[in-house]
Amino acid sequence: MFRWEESIRRAYEERLRRFPDDPPLGWRLLYSPRRVLTGATVAFIGLNPGGAALDSTHGEFSSERGSAYRRDVENWGRSSGLQDQVIELFKRLGVRPDDVLAGNLVPFRSPGESTLRDAGSAITFGRRLWTEILEEVRPRVVISMGGTANREISNVLKVRDIEMHHVGWGNQTASRGRFSEGTWVGLPHLSRFAIMKREASRSALDRVLRDLT
């Protein structure tokens with residue numbers, strides 16, 4: 001794990017040199033304690049840490065006080081709805097938040113996906129990083145959220161037999177497929193589509209989350 005931390009740090013410092021006029025928003029990989037890298041059975045992966053400011057109380061490589069999705073560990077203010085959605089997902093899976101390998105495909109912070117500088121190289125870096133992480137940890141269930149993270153993680157895992165289900169929110173879908181070690185699920189981004197307790201989304205979630213743990 002130390003090689004991953006050093007690799008991210010070097011890549012972030014290189015980004016600071018390439019984009020000297022950008023505010024230094026920092027980086028963040030895991031929203032869970034680093035111990036999850038040895039034996040987590042469930043992984044949850046988003047695109048990248050959001051926000052327009054760096055909070056020095058937040059861990060970079062990991063969140064050693066517990067899952068950052070727990071409000072008693074961190075309060076994300078306007079983004080706390082995302083925390084609630086993810087915690088509801090973990091409850092539905094029957095897993096403790098602190099035991100989930102939760103993190104970001106791209107560790108570099110940006111206010112939004114559209115403002116991630118040189119997104120192509122950042123995503124390539126994240127893809128290589130998570131290929132190594134998932135090969136070493138080997139979770140049986142991998143859930144990603146948001147279009148870019150879903151595409152990249154399903155490619156990393158070489159997911160096959162993908163089935164898609166409309167979640168009752170416009171044309172938004174959730175996906176489920178198989179990879180060599182288990183099952184992958186791709187969800188819409190839960191900060192924009194609060195589907196976890198939504199009645200119109202219940203049947204789709206029942207199908208994509210069935211028998212995972």
# chains A, B, ... in the order shown; residues from 1 in each chain; ligands from 1
$ closest_atom_pairs --of "region 81-181 of chain A" --to "region 5-25 of chain A" --cutoff "8 Å" --atoms "only C-alpha atoms" --output "JSON lines"
{"residue": "A:Pro107", "atom": "CA", "partner": "A:Ile8", "partner_atom": "CA", "distance": 7.5}
{"residue": "A:Phe108", "atom": "CA", "partner": "A:Tyr12", "partner_atom": "CA", "distance": 7.1}
{"residue": "A:Arg109", "atom": "CA", "partner": "A:Leu25", "partner_atom": "CA", "distance": 5.8}
{"residue": "A:Ser110", "atom": "CA", "partner": "A:Leu25", "partner_atom": "CA", "distance": 7.1}
$ residues_around --residues "Ile45 (chain A)" --least-positions-apart "6" --cutoff "9 Å" --atoms "only C-alpha atoms" --output "PyMOL selection string"
chain A and resi 101-105+142-145+149-150+153
$ closest_atom_pairs --of "region 42-107 of chain A" --to "region 181-202 of chain A" --cutoff "8 Å" --atoms "only C-alpha atoms" --output "Markdown table"
| residue | atom | partner | partner_atom | distance |
| --- | --- | --- | --- | --- |
| A:Ser79 | CA | A:Ser191 | CA | 7.2 |
| A:Gly81 | CA | A:Ser191 | CA | 6.6 |
| A:Leu82 | CA | A:Ser191 | CA | 4.7 |
| A:Gln85 | CA | A:Met196 | CA | 6.0 |
| A:Val86 | CA | A:Leu190 | CA | 7.4 |
| A:Glu88 | CA | A:Met196 | CA | 6.5 |
| A:Leu89 | CA | A:Met196 | CA | 6.6 |
$ write_last_selection --atoms "N, CA, C and O atoms" --output "PDB file, in the first residue's frame"
ATOM      1  N   SER A  79     -23.095  18.157   0.625  1.00  0.00           N
ATOM      2  CA  SER A  79     -22.944  16.834   0.020  1.00  0.00           C
ATOM      3  C   SER A  79     -23.299  15.704   0.986  1.00  0.00           C
ATOM      4  O   SER A  79     -23.072  14.533   0.670  1.00  0.00           O
ATOM      5  N   GLY A  81     -26.056  14.505   1.669  1.00  0.00           N
ATOM      6  CA  GLY A  81     -27.053  13.616   1.079  1.00  0.00           C
ATOM      7  C   GLY A  81     -26.400  12.420   0.413  1.00  0.00           C
ATOM      8  O   GLY A  81     -26.937  11.305   0.451  1.00  0.00           O
ATOM      9  N   LEU A  82     -25.236  12.632  -0.184  1.00  0.00           N
ATOM     10  CA  LEU A  82     -24.494  11.513  -0.779  1.00  0.00           C
ATOM     11  C   LEU A  82     -24.072  10.539   0.311  1.00  0.00           C
ATOM     12  O   LEU A  82     -24.168   9.311   0.131  1.00  0.00           O
ATOM     13  N   GLN A  85     -27.025   8.401   1.206  1.00  0.00           N
ATOM     14  CA  GLN A  85     -27.337   7.417   0.170  1.00  0.00           C
ATOM     15  C   GLN A  85     -26.383   6.226   0.223  1.00  0.00           C
ATOM     16  O   GLN A  85     -26.798   5.067   0.124  1.00  0.00           O
ATOM     17  N   VAL A  86     -25.101   6.506   0.391  1.00  0.00           N
ATOM     18  CA  VAL A  86     -24.113   5.428   0.406  1.00  0.00           C
ATOM     19  C   VAL A  86     -24.267   4.576   1.662  1.00  0.00           C
ATOM     20  O   VAL A  86     -24.175   3.340   1.594  1.00  0.00           O
ATOM     21  N   GLU A  88     -26.996   4.025   3.216  1.00  0.00           N
ATOM     22  CA  GLU A  88     -28.187   3.201   2.980  1.00  0.00           C
ATOM     23  C   GLU A  88     -27.840   2.016   2.090  1.00  0.00           C
ATOM     24  O   GLU A  88     -28.332   0.896   2.299  1.00  0.00           O
ATOM     25  N   LEU A  89     -26.995   2.232   1.094  1.00  0.00           N
ATOM     26  CA  LEU A  89     -26.531   1.134   0.246  1.00  0.00           C
ATOM     27  C   LEU A  89     -25.802   0.085   1.078  1.00  0.00           C
ATOM     28  O   LEU A  89     -26.056  -1.117   0.946  1.00  0.00           O
TER      29      LEU A  89
END
$ closest_residue --among "A:Thr213, A:Ser63, A:Thr38, A:Thr148" --to "Phe90 (chain A)" --atoms "only C-alpha atoms"
A:Thr213
$ atom_distance --atom1 "CA of Arg128 (chain A)" --atom2 "CA of Val42 (chain A)"
19.6 Å
$ decode --residues "region 84-117 of chain A" --atoms "N, CA and C atoms" --output "compact mmCIF listing (two decimals), in the first residue's frame"
# COMPACT_ATOMS: atom_id res chain seq x y z
N ASP A 84 -25.59 9.92 3.08
CA ASP A 84 -26.78 9.16 3.50
C ASP A 84 -27.13 8.07 2.49
N GLN A 85 -27.02 8.40 1.21
CA GLN A 85 -27.34 7.42 0.17
C GLN A 85 -26.38 6.23 0.22
N VAL A 86 -25.10 6.51 0.39
CA VAL A 86 -24.11 5.43 0.41
C VAL A 86 -24.27 4.58 1.66
N ILE A 87 -24.52 5.20 2.79
CA ILE A 87 -24.74 4.44 4.02
C ILE A 87 -25.97 3.55 3.88
N GLU A 88 -27.00 4.02 3.22
CA GLU A 88 -28.19 3.20 2.98
C GLU A 88 -27.84 2.02 2.09
N LEU A 89 -26.99 2.23 1.09
CA LEU A 89 -26.53 1.13 0.25
C LEU A 89 -25.80 0.09 1.08
N PHE A 90 -24.90 0.53 1.95
CA PHE A 90 -24.16 -0.41 2.79
C PHE A 90 -25.10 -1.19 3.71
N LYS A 91 -26.11 -0.50 4.25
CA LYS A 91 -27.09 -1.19 5.08
C LYS A 91 -27.81 -2.27 4.29
N ARG A 92 -28.17 -1.93 3.07
CA ARG A 92 -28.88 -2.89 2.23
C ARG A 92 -28.01 -4.11 1.93
N LEU A 93 -26.71 -3.90 1.81
CA LEU A 93 -25.78 -5.00 1.56
C LEU A 93 -25.46 -5.78 2.83
N GLY A 94 -25.78 -5.20 3.99
CA GLY A 94 -25.49 -5.86 5.24
C GLY A 94 -24.02 -5.84 5.61
N VAL A 95 -23.31 -4.76 5.21
CA VAL A 95 -21.89 -4.64 5.53
C VAL A 95 -21.66 -3.38 6.36
N ARG A 96 -20.69 -3.46 7.27
CA ARG A 96 -20.31 -2.29 8.06
C ARG A 96 -19.58 -1.30 7.16
N PRO A 97 -19.93 -0.02 7.22
CA PRO A 97 -19.25 0.96 6.37
C PRO A 97 -17.74 0.93 6.51
N ASP A 98 -17.24 0.72 7.73
CA ASP A 98 -15.80 0.74 7.95
C ASP A 98 -15.09 -0.45 7.31
N ASP A 99 -15.85 -1.48 6.91
CA ASP A 99 -15.26 -2.68 6.32
C ASP A 99 -15.25 -2.66 4.80
N VAL A 100 -15.84 -1.62 4.19
CA VAL A 100 -15.94 -1.53 2.73
C VAL A 100 -14.69 -0.85 2.17
N LEU A 101 -14.15 -1.41 1.10
CA LEU A 101 -13.07 -0.75 0.37
C LEU A 101 -13.70 0.37 -0.46
N ALA A 102 -13.81 1.55 0.14
CA ALA A 102 -14.49 2.68 -0.50
C ALA A 102 -13.46 3.72 -0.93
N GLY A 103 -13.54 4.16 -2.17
CA GLY A 103 -12.57 5.13 -2.61
C GLY A 103 -12.90 5.77 -3.94
N ASN A 104 -11.90 6.46 -4.48
CA ASN A 104 -12.04 7.22 -5.71
C ASN A 104 -11.18 6.62 -6.81
N LEU A 105 -11.76 6.45 -7.98
CA LEU A 105 -10.99 6.00 -9.14
C LEU A 105 -9.83 6.95 -9.39
N VAL A 106 -10.12 8.25 -9.41
CA VAL A 106 -9.10 9.29 -9.57
C VAL A 106 -8.93 9.98 -8.23
N PRO A 107 -7.74 9.97 -7.65
CA PRO A 107 -7.59 10.57 -6.32
C PRO A 107 -7.51 12.08 -6.29
N PHE A 108 -7.40 12.73 -7.44
CA PHE A 108 -7.19 14.18 -7.49
C PHE A 108 -8.52 14.92 -7.38
N ARG A 109 -8.58 15.89 -6.46
CA ARG A 109 -9.82 16.61 -6.19
C ARG A 109 -10.14 17.63 -7.28
N SER A 110 -11.44 17.80 -7.56
CA SER A 110 -11.91 18.87 -8.43
C SER A 110 -13.34 19.21 -8.02
N PRO A 111 -13.80 20.45 -8.26
CA PRO A 111 -15.17 20.80 -7.88
C PRO A 111 -16.21 19.93 -8.58
N GLY A 112 -15.91 19.45 -9.77
CA GLY A 112 -16.82 18.59 -10.52
C GLY A 112 -16.05 17.84 -11.58
N GLU A 113 -16.70 16.87 -12.21
CA GLU A 113 -16.01 16.09 -13.22
C GLU A 113 -15.55 16.96 -14.38
N SER A 114 -16.35 17.95 -14.74
CA SER A 114 -16.02 18.80 -15.90
C SER A 114 -14.81 19.70 -15.63
N THR A 115 -14.45 19.89 -14.36
CA THR A 115 -13.32 20.76 -14.03
C THR A 115 -12.07 19.98 -13.65
N LEU A 116 -12.09 18.67 -13.85
CA LEU A 116 -10.90 17.86 -13.59
C LEU A 116 -9.91 18.09 -14.72
N ARG A 117 -8.80 18.76 -14.42
CA ARG A 117 -7.82 19.11 -15.44
C ARG A 117 -7.17 17.88 -16.02
